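Undergrad: This is the structure I have questions about; it appears just below.
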Amino acid sequence: MKEPEAASVEMICSVSELANLFHQGQDLRGFLSQVVQIVSKHMQADVCSIYLFNEQSEKLILQATAGLNSEMVGTLTLNTGEGLTGLALKELRPIREGRGRDNPYFKPIPGSGEEKYESFLAVPIIRGIRRVGVLVLQDEKRSRFSKGDALALKAIASQLAATLENAQLLMERPRRGEHPGISWGTGRLIRGTQVVEGVALGEAYQMEGPGTLDHRLYACDDAYRDTLDDFRRAIDLTEQQLEELQNRLEQELADVASLIFSAHLLMLRDQGFSGTMEDRIADGARPCDAILSVANEYIDIFTESENSRMREKVLDIKDLGHRILKNLTDEEGEHGDYDGQIVLTNELLPSELLKLAAQKVEGIVLFGGGATAHVTVLAQSLQVPLIYTEDESIFRIPANTPLALDANQGILLVYPDESAIKRIRQLKEGTDRIAGLAEMAKPESYTKDGERIYLRATVNLLSDLKLARQLKAEGIGLYRSEFPFLIRSDFPSEEEQFRIYKKVVNGLEDPLVTLRTLDVGGDKILSYIPESQEEANPFLGLRAIRFLLENKKVFVGQLKAMIRAGRSRPIRILFPLISSLDDFQNAKIIVQKSLNFLKRDGLGQYPMPKLGAMIELPSAVEMAPELAREADFLSLGTNDLVQYMLGVDRTNEKVADLFDVRHPAVLRAVKRVADSAKEADCPLSVCGIMAKDPKTVHYLIGLGVREFSLEAAKIPEMQEAVSRMDLKKAQSDAAILSRLGTLHETREFMQEINERSEVQIER
């Protein structure tokens with residue numbers, strides 16, 4: 001093997017020669033291919049890849065690789081900061097890992113062929129202050145790359161920067177006669193942002209705003225099924241399907257699906273709707289034309305209504321018309337749903353998402369602004385692949401156009417070729433990892449030196465309980481109660497809530513259950529409270545506990561339902577967005593009143609449940625000592641904590657780079673809360689982003705935190721990471737981290753922690 005220095009010099013010379021070849025007329029793809037071949041050869045690495053940065057889409061695109069699946073070239077995309085490669089570009093520094101998958105920023109790319117590679121080295125390619133791309137090496141051998149290798153690769157990237165920048169500009173230029181963003185040639189690619197991972201194949205279905213149904217979506221010109229009897233069969237089949245859907249959802253998603261198809265069934269049985277269709281057919285109209293004309297008349301009437309609730313029913317009418325037409329025109333006539341279709345839309349309410357998921361939609365592409373937090377969480381629980389895009393041309397995609405959606409990479413392919421279809425199918429087959437995760441999971445979690453750690457499940461929907469059971473979650477660390485409120489068109493009754501909470505409380509064998517009271521506001525808006533949509537800054541407005549204390553009837557109804565659900569086993573009730581001791585004490589008074597109301601109404605006498613305060617605001621951090629003495633437990637909500645500590649809206653892409661859990665202010669705030677909880681002997685749990693990252697969990701364990709709440713699917717991997725942590729080392733690392741004063745220092749120190757972990761694994 002050559003000495004590193006000699007190999008580096010030889011490699012730099014070779015790349016210089018390649019650059020000269022390029023200027024002499026070398027084909028772009030050929031040039032990039034030769035670059036990765038030569039770099040991998042001289043670095044003796046199994047893989048070398050070049051990602052170039054597209055400034056318009058703000059995406060990294062794989063443009064050449066030696067060692068990975070060549071079919072990914074041109075289609076594999078990453079956001080800035082996504083995966084280790086994206087992180088190298090975001091932070092403009094080399095990323096070197098002895099075992100890449102151990103870094104929490106590591107993002108596996110199904111179908112890339114990278115599974116067998118352990119070592120990882122990425123350096124950003126920079127031209128002045130412009131980001132050009134990232135040069136990446138991978139190798140099967142663990143801890144393969146040294147600091148010298150990183151320096152050599154950095155020098156090569158610097159030398160290639162100008163040439164690669166030119167290559168990128170040439171690749172992005174519009175072809176002659178082509179108008180970017182409009183031409184629909186084979187393999188057209190639309191870039192977006194990943195919201196919910198997954199892949200899908202299907203045909204385009206436009207659900208843009210209040211637009212009418214389009215006859216081109218259906219086989220209306222076919223000669224068959226043109227009689228009144230055909231129409232009646234389609235209506236009967238539609239009613240049967242909707243009733244079956246409703247019954248199934250009442251069992252599987254009782255918390256959010258209660259009577260969700262009731263509007264469809266009522267309209268279907270309305271003589272003014274289906275009766276008018278039948279009358280027109282009897283007068284000589286074709287069934288397909290009658291359905292389209294009546295449904296579109298209703299769409300127009302509802303769209304123009306001044307009543308906001310009527311306007312919200314437009315998509316219900318489109319949905320119902322779609323189902324009747326599918327049942328009429330499909331040769332098999334067996335479904336009438338969205339099986340085999342990818343929906344393109346510019347708006348998506350939680351209730352609409354639920355209906356689409358229940359009707360087997362393959363995937364969703366949402367235009368503009370990004371998905372709100374509650375739609376994102378709901379889609380994750382429903383496992384619907386979802387991306388959003390700023391490319392308006394999605395609305396010019398013809399109906400029934402073949403599409404391939406890769407939500408892992410945030411891309412939509414129009415008219416995908418056979419190779420793309422094959423790759424999506426392979427990815428689709430490999431998405432079910434639950435069996436493997438269940439085998440990894442153990443009933444209890446411990447650090448390397450035997451310290452007991454509790455990994456509990458964050459639950460959004462009742463359907464999440466099944467996975468939490470499979471992956472051996474130790475109780476429910478956080479149940480988000482807002483989804484039954486967000487899905488409905490009015491507040492759910494106390495009885496409806498009671499039935500939901502009872503299923504949550506009895507959902508796992510472990511008795512610990514934490515029910516969080518309603519957390520709405522910010523980007524979680526209740527459509528049936530118009531004033532909630534009029535706040536200039538809803539994130540700083542009437543949200544969470546503030547909303548409940550202003551709406552005591554809603555608060556009491558929820559508390560009574562929660563307390564009743566906890567009759568068979570003890571529950572914990574958590575109040576979100578507490579800003580002061582007064583907030584908590586006022587909420588506690590409402591709990592006592594709710595207990596009194598239950599006794600008065602003859603519903604039983606209950607003990608005071610354990611009450612907790614959620615620490616998400618800087619004011620709550622400052623009041624942590626008092627809150628820890630007053631509350632039965634504390635929960636550190638790190639998503640909002642980081643947002644409010646740093647003044648960064650995490651849903652705003654323009655400042656998303658500033659949202660960093662490693663900020664010294666965040667680390668010190670967390671320490672203050674942990675110290676306060678320890679001093680008052682008050683249990684402290686952590687949820688949100690810091691509970692998902694092994695580096696921050698290492699820090700939190702060092703501070704004394706022993707309880708974490710995270711999505712059930714992440715528990716086995718976190719359990720494995722915890723098993724490699726040493727308590728004494730975590731304590732000493734936490735003491736150092738909490739004293740560091742700059743982001744640069746905290747990032748570097750956490751990187752050192754990662755590297756130490758790699759050495760331990762190697763041994």
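Starting from 1 in every chain, residues are counted up; chains themselves are A, B, ... following the order of the structure tokens, and ligands are numbered from 1 as listed.
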Please return, as number ranges by chain, all residues of stretch 113-151 of chain A that DSSP assigns to helix (DSSP H, G or I) on the basis of the backbone.

TA: A: 147-151

Undergrad: Can I get the selected residues back with C-alpha atoms, as an mmCIF file, in the first residue's frame?

TA:
```cif
data_model
loop_
_atom_site.group_PDB
_atom_site.id
_atom_site.type_symbol
_atom_site.label_atom_id
_atom_site.label_comp_id
_atom_site.auth_asym_id
_atom_site.auth_seq_id
_atom_site.Cartn_x
_atom_site.Cartn_y
_atom_site.Cartn_z
ATOM 1 C CA LYS A 147 -7.214 12.881 9.104
ATOM 2 C CA GLY A 148 -4.568 12.889 6.367
ATOM 3 C CA ASP A 149 -7.092 11.434 3.935
ATOM 4 C CA ALA A 150 -9.524 14.181 4.847
ATOM 5 C CA LEU A 151 -6.893 16.847 4.157
#
```

Undergrad: Contacts of stretch 261-267 of chain A at 12 Å or less, counting only C-alpha atoms, minus same-chain residues fewer than 3 places along, as a VMD selection string?

TA: chain A and resid 235 to 250 256 to 258 270 to 276 294 to 295 298 309 to 310 312 to 324 351 to 352 354 to 356 358 to 359 488 to 489

Undergrad: Output N, CA and C atoms for every residue in the selection just made, as a compact mmCIF listing (two decimals), in the first residue's frame.

TA:
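And here's part.txt as it stands now:
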```
# COMPACT_ATOMS: atom_id res chain seq x y z
N ILE A 235 -74.23 3.30 -7.54
CA ILE A 235 -74.66 3.96 -6.30
C ILE A 235 -74.70 2.96 -5.15
N ASP A 236 -75.27 1.79 -5.39
CA ASP A 236 -75.34 0.77 -4.33
C ASP A 236 -73.95 0.34 -3.90
N LEU A 237 -73.06 0.16 -4.87
CA LEU A 237 -71.69 -0.26 -4.55
C LEU A 237 -70.97 0.84 -3.76
N THR A 238 -71.19 2.09 -4.14
CA THR A 238 -70.57 3.21 -3.44
C THR A 238 -71.02 3.25 -1.98
N GLU A 239 -72.33 3.08 -1.76
CA GLU A 239 -72.85 3.09 -0.39
C GLU A 239 -72.27 1.94 0.43
N GLN A 240 -72.21 0.77 -0.18
CA GLN A 240 -71.64 -0.39 0.51
C GLN A 240 -70.18 -0.15 0.89
N GLN A 241 -69.40 0.40 -0.05
CA GLN A 241 -67.98 0.66 0.22
C GLN A 241 -67.79 1.68 1.34
N LEU A 242 -68.60 2.75 1.31
CA LEU A 242 -68.46 3.79 2.33
C LEU A 242 -68.82 3.26 3.71
N GLU A 243 -69.84 2.44 3.78
CA GLU A 243 -70.21 1.86 5.08
C GLU A 243 -69.12 0.93 5.59
N GLU A 244 -68.54 0.14 4.69
CA GLU A 244 -67.45 -0.76 5.09
C GLU A 244 -66.23 0.04 5.54
N LEU A 245 -65.92 1.10 4.80
CA LEU A 245 -64.80 1.97 5.18
C LEU A 245 -65.01 2.56 6.57
N GLN A 246 -66.23 3.07 6.78
CA GLN A 246 -66.52 3.70 8.07
C GLN A 246 -66.42 2.69 9.21
N ASN A 247 -66.96 1.49 9.01
CA ASN A 247 -66.89 0.46 10.05
C ASN A 247 -65.45 0.07 10.36
N ARG A 248 -64.66 -0.08 9.30
CA ARG A 248 -63.26 -0.47 9.51
C ARG A 248 -62.49 0.62 10.25
N LEU A 249 -62.70 1.86 9.86
CA LEU A 249 -61.98 2.95 10.50
C LEU A 249 -62.42 3.16 11.94
N GLU A 250 -63.68 2.86 12.24
CA GLU A 250 -64.13 2.98 13.63
C GLU A 250 -63.35 2.02 14.53
N VAL A 256 -59.74 9.36 15.44
CA VAL A 256 -59.83 10.44 14.46
C VAL A 256 -60.81 10.17 13.33
N ALA A 257 -61.36 8.95 13.25
CA ALA A 257 -62.18 8.61 12.08
C ALA A 257 -63.66 8.51 12.38
N SER A 258 -64.09 8.98 13.54
CA SER A 258 -65.50 8.87 13.90
C SER A 258 -66.40 9.57 12.88
N ASP A 270 -79.20 11.66 -0.59
CA ASP A 270 -80.01 12.87 -0.79
C ASP A 270 -80.61 12.85 -2.19
N GLN A 271 -81.94 13.01 -2.25
CA GLN A 271 -82.62 13.00 -3.54
C GLN A 271 -82.18 14.17 -4.42
N GLY A 272 -81.76 15.27 -3.77
CA GLY A 272 -81.29 16.41 -4.56
C GLY A 272 -79.98 16.13 -5.25
N PHE A 273 -79.24 15.12 -4.78
CA PHE A 273 -77.93 14.77 -5.37
C PHE A 273 -78.07 13.55 -6.28
N SER A 274 -78.15 12.36 -5.67
CA SER A 274 -78.24 11.15 -6.50
C SER A 274 -79.59 11.09 -7.22
N GLY A 275 -80.65 11.66 -6.58
CA GLY A 275 -81.97 11.65 -7.23
C GLY A 275 -81.98 12.46 -8.51
N THR A 276 -81.31 13.62 -8.48
CA THR A 276 -81.23 14.45 -9.69
C THR A 276 -80.45 13.73 -10.79
N VAL A 294 -74.09 16.94 -12.24
CA VAL A 294 -74.69 17.22 -10.93
C VAL A 294 -73.59 17.48 -9.90
N ALA A 295 -72.57 16.65 -9.88
CA ALA A 295 -71.48 16.83 -8.91
C ALA A 295 -70.82 18.19 -9.10
N TYR A 298 -72.94 21.05 -7.76
CA TYR A 298 -72.82 21.13 -6.30
C TYR A 298 -71.48 21.76 -5.90
N ARG A 309 -68.11 26.50 6.43
CA ARG A 309 -68.25 25.04 6.57
C ARG A 309 -68.72 24.41 5.27
N MET A 310 -69.58 25.12 4.53
CA MET A 310 -70.01 24.59 3.23
C MET A 310 -68.84 24.55 2.26
N GLU A 312 -65.82 24.06 2.97
CA GLU A 312 -64.94 22.95 3.34
C GLU A 312 -65.44 21.62 2.79
N LYS A 313 -66.73 21.55 2.41
CA LYS A 313 -67.29 20.29 1.92
C LYS A 313 -67.06 20.07 0.43
N VAL A 314 -66.41 21.04 -0.24
CA VAL A 314 -66.17 20.91 -1.68
C VAL A 314 -65.40 19.62 -1.99
N LEU A 315 -64.35 19.38 -1.21
CA LEU A 315 -63.55 18.18 -1.48
C LEU A 315 -64.32 16.90 -1.16
N ASP A 316 -65.27 16.96 -0.23
CA ASP A 316 -66.13 15.80 0.02
C ASP A 316 -66.96 15.48 -1.22
N ILE A 317 -67.48 16.53 -1.87
CA ILE A 317 -68.29 16.32 -3.08
C ILE A 317 -67.41 15.73 -4.19
N LYS A 318 -66.21 16.30 -4.37
CA LYS A 318 -65.30 15.77 -5.39
C LYS A 318 -64.96 14.32 -5.09
N ASP A 319 -64.72 14.04 -3.83
CA ASP A 319 -64.36 12.68 -3.41
C ASP A 319 -65.49 11.70 -3.70
N LEU A 320 -66.72 12.10 -3.37
CA LEU A 320 -67.88 11.24 -3.60
C LEU A 320 -68.12 11.05 -5.10
N GLY A 321 -68.06 12.14 -5.86
CA GLY A 321 -68.24 12.03 -7.30
C GLY A 321 -67.20 11.12 -7.93
N HIS A 322 -65.95 11.26 -7.46
CA HIS A 322 -64.86 10.41 -7.94
C HIS A 322 -65.17 8.94 -7.71
N ARG A 323 -65.67 8.62 -6.52
CA ARG A 323 -65.94 7.21 -6.19
C ARG A 323 -67.09 6.65 -7.05
N ILE A 324 -68.15 7.43 -7.22
CA ILE A 324 -69.28 6.94 -8.04
C ILE A 324 -68.82 6.70 -9.48
N SER A 351 -58.56 16.02 7.89
CA SER A 351 -59.68 15.12 7.58
C SER A 351 -59.58 14.61 6.15
N GLU A 352 -59.12 15.46 5.22
CA GLU A 352 -58.97 15.03 3.82
C GLU A 352 -57.85 14.02 3.68
N LEU A 354 -56.89 11.93 5.96
CA LEU A 354 -57.38 10.67 6.53
C LEU A 354 -58.25 9.93 5.54
N LYS A 355 -59.12 10.66 4.84
CA LYS A 355 -59.99 10.02 3.86
C LYS A 355 -59.19 9.42 2.71
N LEU A 356 -58.19 10.17 2.25
CA LEU A 356 -57.36 9.66 1.16
C LEU A 356 -56.61 8.40 1.58
N ALA A 358 -57.43 6.28 3.93
CA ALA A 358 -58.38 5.18 4.09
C ALA A 358 -58.78 4.59 2.75
N GLN A 359 -58.71 5.41 1.70
CA GLN A 359 -59.11 4.96 0.37
C GLN A 359 -57.90 4.57 -0.49
N ARG A 488 -62.02 16.70 13.41
CA ARG A 488 -63.46 16.96 13.43
C ARG A 488 -63.79 18.39 13.01
N SER A 489 -65.09 18.60 12.76
CA SER A 489 -65.56 19.94 12.41
C SER A 489 -66.10 20.67 13.62
```

Undergrad: Rounded to one decimal place, report the atom CA of A:Lys141-atom CA of A:Ser112 distance in Å.

TA: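 Atom CA of A:Ser112 lies 18.0 Å from atom CA of A:Lys141.
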
Undergrad: Just want the 12 Å neighbourhood of A:Glu509, counted on only C-alpha atoms, with same-chain residues fewer than 6 positions away dropped. Output as an mmCIF file with N, CA and C atoms, in the first residue's frame.

TA:
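Done, and the output landed in out06.cif:
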```cif
data_model
loop_
_atom_site.group_PDB
_atom_site.id
_atom_site.type_symbol
_atom_site.label_atom_id
_atom_site.label_comp_id
_atom_site.auth_asym_id
_atom_site.auth_seq_id
_atom_site.Cartn_x
_atom_site.Cartn_y
_atom_site.Cartn_z
ATOM 1 N N PRO A 443 -36.903 -5.825 26.220
ATOM 2 C CA PRO A 443 -37.932 -5.275 27.111
ATOM 3 C C PRO A 443 -37.437 -4.154 28.015
ATOM 4 N N LEU A 465 -50.279 2.450 18.655
ATOM 5 C CA LEU A 465 -50.117 1.571 19.815
ATOM 6 C C LEU A 465 -49.627 0.180 19.411
ATOM 7 N N LYS A 466 -50.078 -0.297 18.255
ATOM 8 C CA LYS A 466 -49.670 -1.629 17.799
ATOM 9 C C LYS A 466 -48.157 -1.712 17.636
ATOM 10 N N ALA A 468 -45.957 0.302 19.010
ATOM 11 C CA ALA A 468 -45.343 0.490 20.328
ATOM 12 C C ALA A 468 -45.292 -0.829 21.098
ATOM 13 N N ARG A 469 -46.341 -1.633 20.961
ATOM 14 C CA ARG A 469 -46.344 -2.956 21.619
ATOM 15 C C ARG A 469 -45.304 -3.867 20.987
ATOM 16 N N GLN A 470 -45.254 -3.879 19.664
ATOM 17 C CA GLN A 470 -44.310 -4.754 18.955
ATOM 18 C C GLN A 470 -42.860 -4.441 19.334
ATOM 19 N N LYS A 472 -41.780 -3.034 22.080
ATOM 20 C CA LYS A 472 -41.534 -3.128 23.529
ATOM 21 C C LYS A 472 -41.306 -1.772 24.201
ATOM 22 N N ALA A 473 -42.087 -0.785 23.807
ATOM 23 C CA ALA A 473 -42.001 0.524 24.468
ATOM 24 C C ALA A 473 -42.374 0.378 25.941
ATOM 25 N N GLU A 474 -41.645 1.086 26.782
ATOM 26 C CA GLU A 474 -41.899 1.008 28.230
ATOM 27 C C GLU A 474 -42.887 2.092 28.645
ATOM 28 N N GLY A 475 -44.116 1.922 28.203
ATOM 29 C CA GLY A 475 -45.151 2.880 28.527
ATOM 30 C C GLY A 475 -45.266 3.973 27.473
ATOM 31 N N ILE A 476 -46.202 4.884 27.698
ATOM 32 C CA ILE A 476 -46.451 6.006 26.791
ATOM 33 C C ILE A 476 -45.913 7.269 27.449
ATOM 34 N N ARG A 569 -56.176 2.252 35.859
ATOM 35 C CA ARG A 569 -54.744 2.365 36.151
ATOM 36 C C ARG A 569 -54.377 3.844 36.243
#
```

Undergrad: My list of candidates is A:Leu743, A:Val375, A:Leu641, A:Leu611. Which is closest to A:Leu658 when distances are computed with only C-alpha atoms?

TA: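 Looking only at the distances to A:Leu658, the closest residue turns out to be A:Leu743.
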
Undergrad: To one decimal place in Å, what is the distance between atom CA of A:Lys714 and atom CA of A:Ser49?

TA: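 That distance, rounded to one decimal, is 28.7 Å.
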
Undergrad: Give me the residues near A:Val134 as a list in words, where near means some atom within 6 Å (using only C-alpha atoms) and where sequence neighbours in that chain fewer than 3 positions away do not count.

TA: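 Counting only C-alpha atoms, the residues come to Tyr51, Val123, Pro124 and Ile125 of chain A.
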
Undergrad: Got time to write the residues from that selection, C-alpha atoms, as a PDB file, in the first residue's frame?

TA:
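Writing done, so here's result-v4.pdb:
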```
ATOM      1  CA  TYR A  51     -22.867  15.479  -5.517  1.00  0.00           C
ATOM      2  CA  VAL A 123     -15.713  17.134   2.066  1.00  0.00           C
ATOM      3  CA  PRO A 124     -17.593  20.171   0.745  1.00  0.00           C
ATOM      4  CA  ILE A 125     -16.637  21.571  -2.661  1.00  0.00           C
TER       5      ILE A 125
END
```

Undergrad: Taking 2 positions as the minimum chain separation for residues in the same chain, which residues sit within 6 Å of stretch 615-628 of chain A when counting only C-alpha atoms? Answer as a PDB file with N, CA and C atoms, in the first residue's frame.

TA:
```pdb
ATOM      1  N   LEU A 577     -46.797  24.053  27.104  1.00  0.00           N
ATOM      2  CA  LEU A 577     -46.468  25.470  26.980  1.00  0.00           C
ATOM      3  C   LEU A 577     -46.712  26.268  28.268  1.00  0.00           C
ATOM      4  N   SER A 579     -45.772  28.724  31.002  1.00  0.00           N
ATOM      5  CA  SER A 579     -44.830  29.843  30.988  1.00  0.00           C
ATOM      6  C   SER A 579     -44.515  30.364  32.385  1.00  0.00           C
ATOM      7  N   SER A 580     -45.299  29.913  33.380  1.00  0.00           N
ATOM      8  CA  SER A 580     -45.101  30.438  34.734  1.00  0.00           C
ATOM      9  C   SER A 580     -45.660  29.462  35.754  1.00  0.00           C
ATOM     10  N   GLU A 630     -43.381  22.139  42.527  1.00  0.00           N
ATOM     11  CA  GLU A 630     -44.845  22.152  42.503  1.00  0.00           C
ATOM     12  C   GLU A 630     -45.435  20.969  41.736  1.00  0.00           C
ATOM     13  N   ALA A 631     -44.793  20.560  40.640  1.00  0.00           N
ATOM     14  CA  ALA A 631     -45.340  19.521  39.759  1.00  0.00           C
ATOM     15  C   ALA A 631     -44.949  18.128  40.228  1.00  0.00           C
ATOM     16  N   LEU A 636     -39.578  17.832  29.159  1.00  0.00           N
ATOM     17  CA  LEU A 636     -38.822  18.823  28.386  1.00  0.00           C
ATOM     18  C   LEU A 636     -39.180  18.642  26.910  1.00  0.00           C
ATOM     19  N   GLY A 637     -39.959  19.575  26.360  1.00  0.00           N
ATOM     20  CA  GLY A 637     -40.365  19.513  24.952  1.00  0.00           C
ATOM     21  C   GLY A 637     -39.336  20.227  24.091  1.00  0.00           C
ATOM     22  N   ASP A 640     -40.075  22.740  20.636  1.00  0.00           N
ATOM     23  CA  ASP A 640     -40.440  24.129  20.909  1.00  0.00           C
ATOM     24  C   ASP A 640     -39.382  24.834  21.743  1.00  0.00           C
ATOM     25  N   LEU A 641     -38.708  24.110  22.627  1.00  0.00           N
ATOM     26  CA  LEU A 641     -37.677  24.744  23.452  1.00  0.00           C
ATOM     27  C   LEU A 641     -36.597  25.374  22.567  1.00  0.00           C
ATOM     28  N   MET A 645     -36.016  29.310  22.373  1.00  0.00           N
ATOM     29  CA  MET A 645     -34.730  29.760  22.908  1.00  0.00           C
ATOM     30  C   MET A 645     -33.943  30.545  21.868  1.00  0.00           C
ATOM     31  N   VAL A 673     -32.753  22.897  33.707  1.00  0.00           N
ATOM     32  CA  VAL A 673     -33.977  22.143  34.003  1.00  0.00           C
ATOM     33  C   VAL A 673     -33.631  20.817  34.676  1.00  0.00           C
ATOM     34  N   SER A 676     -32.615  21.383  38.264  1.00  0.00           N
ATOM     35  CA  SER A 676     -33.774  21.734  39.083  1.00  0.00           C
ATOM     36  C   SER A 676     -34.597  20.496  39.418  1.00  0.00           C
ATOM     37  N   ALA A 677     -34.794  19.621  38.435  1.00  0.00           N
ATOM     38  CA  ALA A 677     -35.552  18.395  38.668  1.00  0.00           C
ATOM     39  C   ALA A 677     -34.846  17.495  39.671  1.00  0.00           C
ATOM     40  N   ALA A 680     -35.143  18.849  43.275  1.00  0.00           N
ATOM     41  CA  ALA A 680     -36.486  18.697  43.845  1.00  0.00           C
ATOM     42  C   ALA A 680     -36.953  17.247  43.842  1.00  0.00           C
ATOM     43  N   CYS A 682     -37.773  15.484  41.327  1.00  0.00           N
ATOM     44  CA  CYS A 682     -38.937  15.483  40.432  1.00  0.00           C
ATOM     45  C   CYS A 682     -38.577  14.723  39.157  1.00  0.00           C
TER      46      CYS A 682
END
```

Undergrad: Can you tell me, as a PyMOL selection string, what residues are no more than 7 Å from A:Ala161 when counting only C-alpha atoms, ignoring any on the same chain fewer than 4 positions away?

TA: chain A and resi 125-127+132+157+165

Undergrad: Please build the interface table for stretch 318-405 of chain A against stretch 280-289 of chain A with a cut-off of 10 Å, listing for each qualifying residue the nearest atom pair and the distance in Å to one decimal; count only C-alpha atoms, order rows by chain and increasing number, and write it as a Markdown table.

TA:
```
| residue | atom | partner | partner_atom | distance |
| --- | --- | --- | --- | --- |
| A:Ile324 | CA | A:Cys288 | CA | 9.2 |
| A:Leu325 | CA | A:Cys288 | CA | 6.7 |
| A:Lys326 | CA | A:Cys288 | CA | 9.9 |
| A:Leu328 | CA | A:Cys288 | CA | 7.6 |
| A:Thr329 | CA | A:Cys288 | CA | 8.0 |
```

Undergrad: Fewer than 3 positions away in the same chain doesn't count, so skip those; otherwise give me all residues within 7 Å of A:Val361, counting only C-alpha atoms, as an MDAnalysis selection string.

TA: chainID A and resid 338:342 356:357

Undergrad: Please, could you write that set of residues out with N, CA and C atoms as a PDB file, in the first residue's frame?

TA:
```pdb
ATOM      1  N   TYR A 338     -58.757   5.372  -4.297  1.00  0.00           N
ATOM      2  CA  TYR A 338     -57.584   6.015  -4.900  1.00  0.00           C
ATOM      3  C   TYR A 338     -56.412   5.048  -5.053  1.00  0.00           C
ATOM      4  N   ASP A 339     -56.727   3.759  -5.057  1.00  0.00           N
ATOM      5  CA  ASP A 339     -55.697   2.751  -5.280  1.00  0.00           C
ATOM      6  C   ASP A 339     -55.070   2.989  -6.658  1.00  0.00           C
ATOM      7  N   GLY A 340     -53.727   3.047  -6.706  1.00  0.00           N
ATOM      8  CA  GLY A 340     -53.051   3.271  -7.980  1.00  0.00           C
ATOM      9  C   GLY A 340     -52.991   4.723  -8.398  1.00  0.00           C
ATOM     10  N   GLN A 341     -53.289   5.659  -7.468  1.00  0.00           N
ATOM     11  CA  GLN A 341     -53.273   7.079  -7.828  1.00  0.00           C
ATOM     12  C   GLN A 341     -52.414   7.881  -6.851  1.00  0.00           C
ATOM     13  N   ILE A 342     -51.721   8.862  -7.409  1.00  0.00           N
ATOM     14  CA  ILE A 342     -50.933   9.817  -6.621  1.00  0.00           C
ATOM     15  C   ILE A 342     -51.632  11.164  -6.731  1.00  0.00           C
ATOM     16  N   LEU A 356     -58.195  10.166   2.246  1.00  0.00           N
ATOM     17  CA  LEU A 356     -57.361   9.655   1.158  1.00  0.00           C
ATOM     18  C   LEU A 356     -56.606   8.403   1.583  1.00  0.00           C
ATOM     19  N   ALA A 357     -56.047   8.431   2.805  1.00  0.00           N
ATOM     20  CA  ALA A 357     -55.300   7.269   3.301  1.00  0.00           C
ATOM     21  C   ALA A 357     -56.217   6.059   3.437  1.00  0.00           C
TER      22      ALA A 357
END
```

Undergrad: Go through A:Ser33, A:Ser381, A:Ser481, A:Thr746 one by one, measure the shortest atom-to-atom distance of each to A:Ser463 using only C-alpha atoms, and give the residue with the smallest value.

TA: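 Nearest to A:Ser463: A:Ser381.
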
Undergrad: Quick one, how far is atom CA of A:Ile573 from atom CA of A:Gly688?

TA: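 So the answer is 17.7 Å.
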
Undergrad: Taking the backbone alone, and naming residues the way the document does, which bits of stretch 63-141 of chain A are strand (DSSP E or B) by DSSP, as number ranges by chain?

TA: A: 63-66, 77-79, 95-97, 119-127, 130-139

Undergrad: With only C-alpha atoms as the atoms that count, which of A:Glu550, A:Glu439, A:Gln194, A:Gly363 lies nearest to A:Tyr388?

TA: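 Of A:Glu550, A:Glu439, A:Gln194, A:Gly363, the one nearest A:Tyr388, counting only C-alpha atoms, is A:Gln194.
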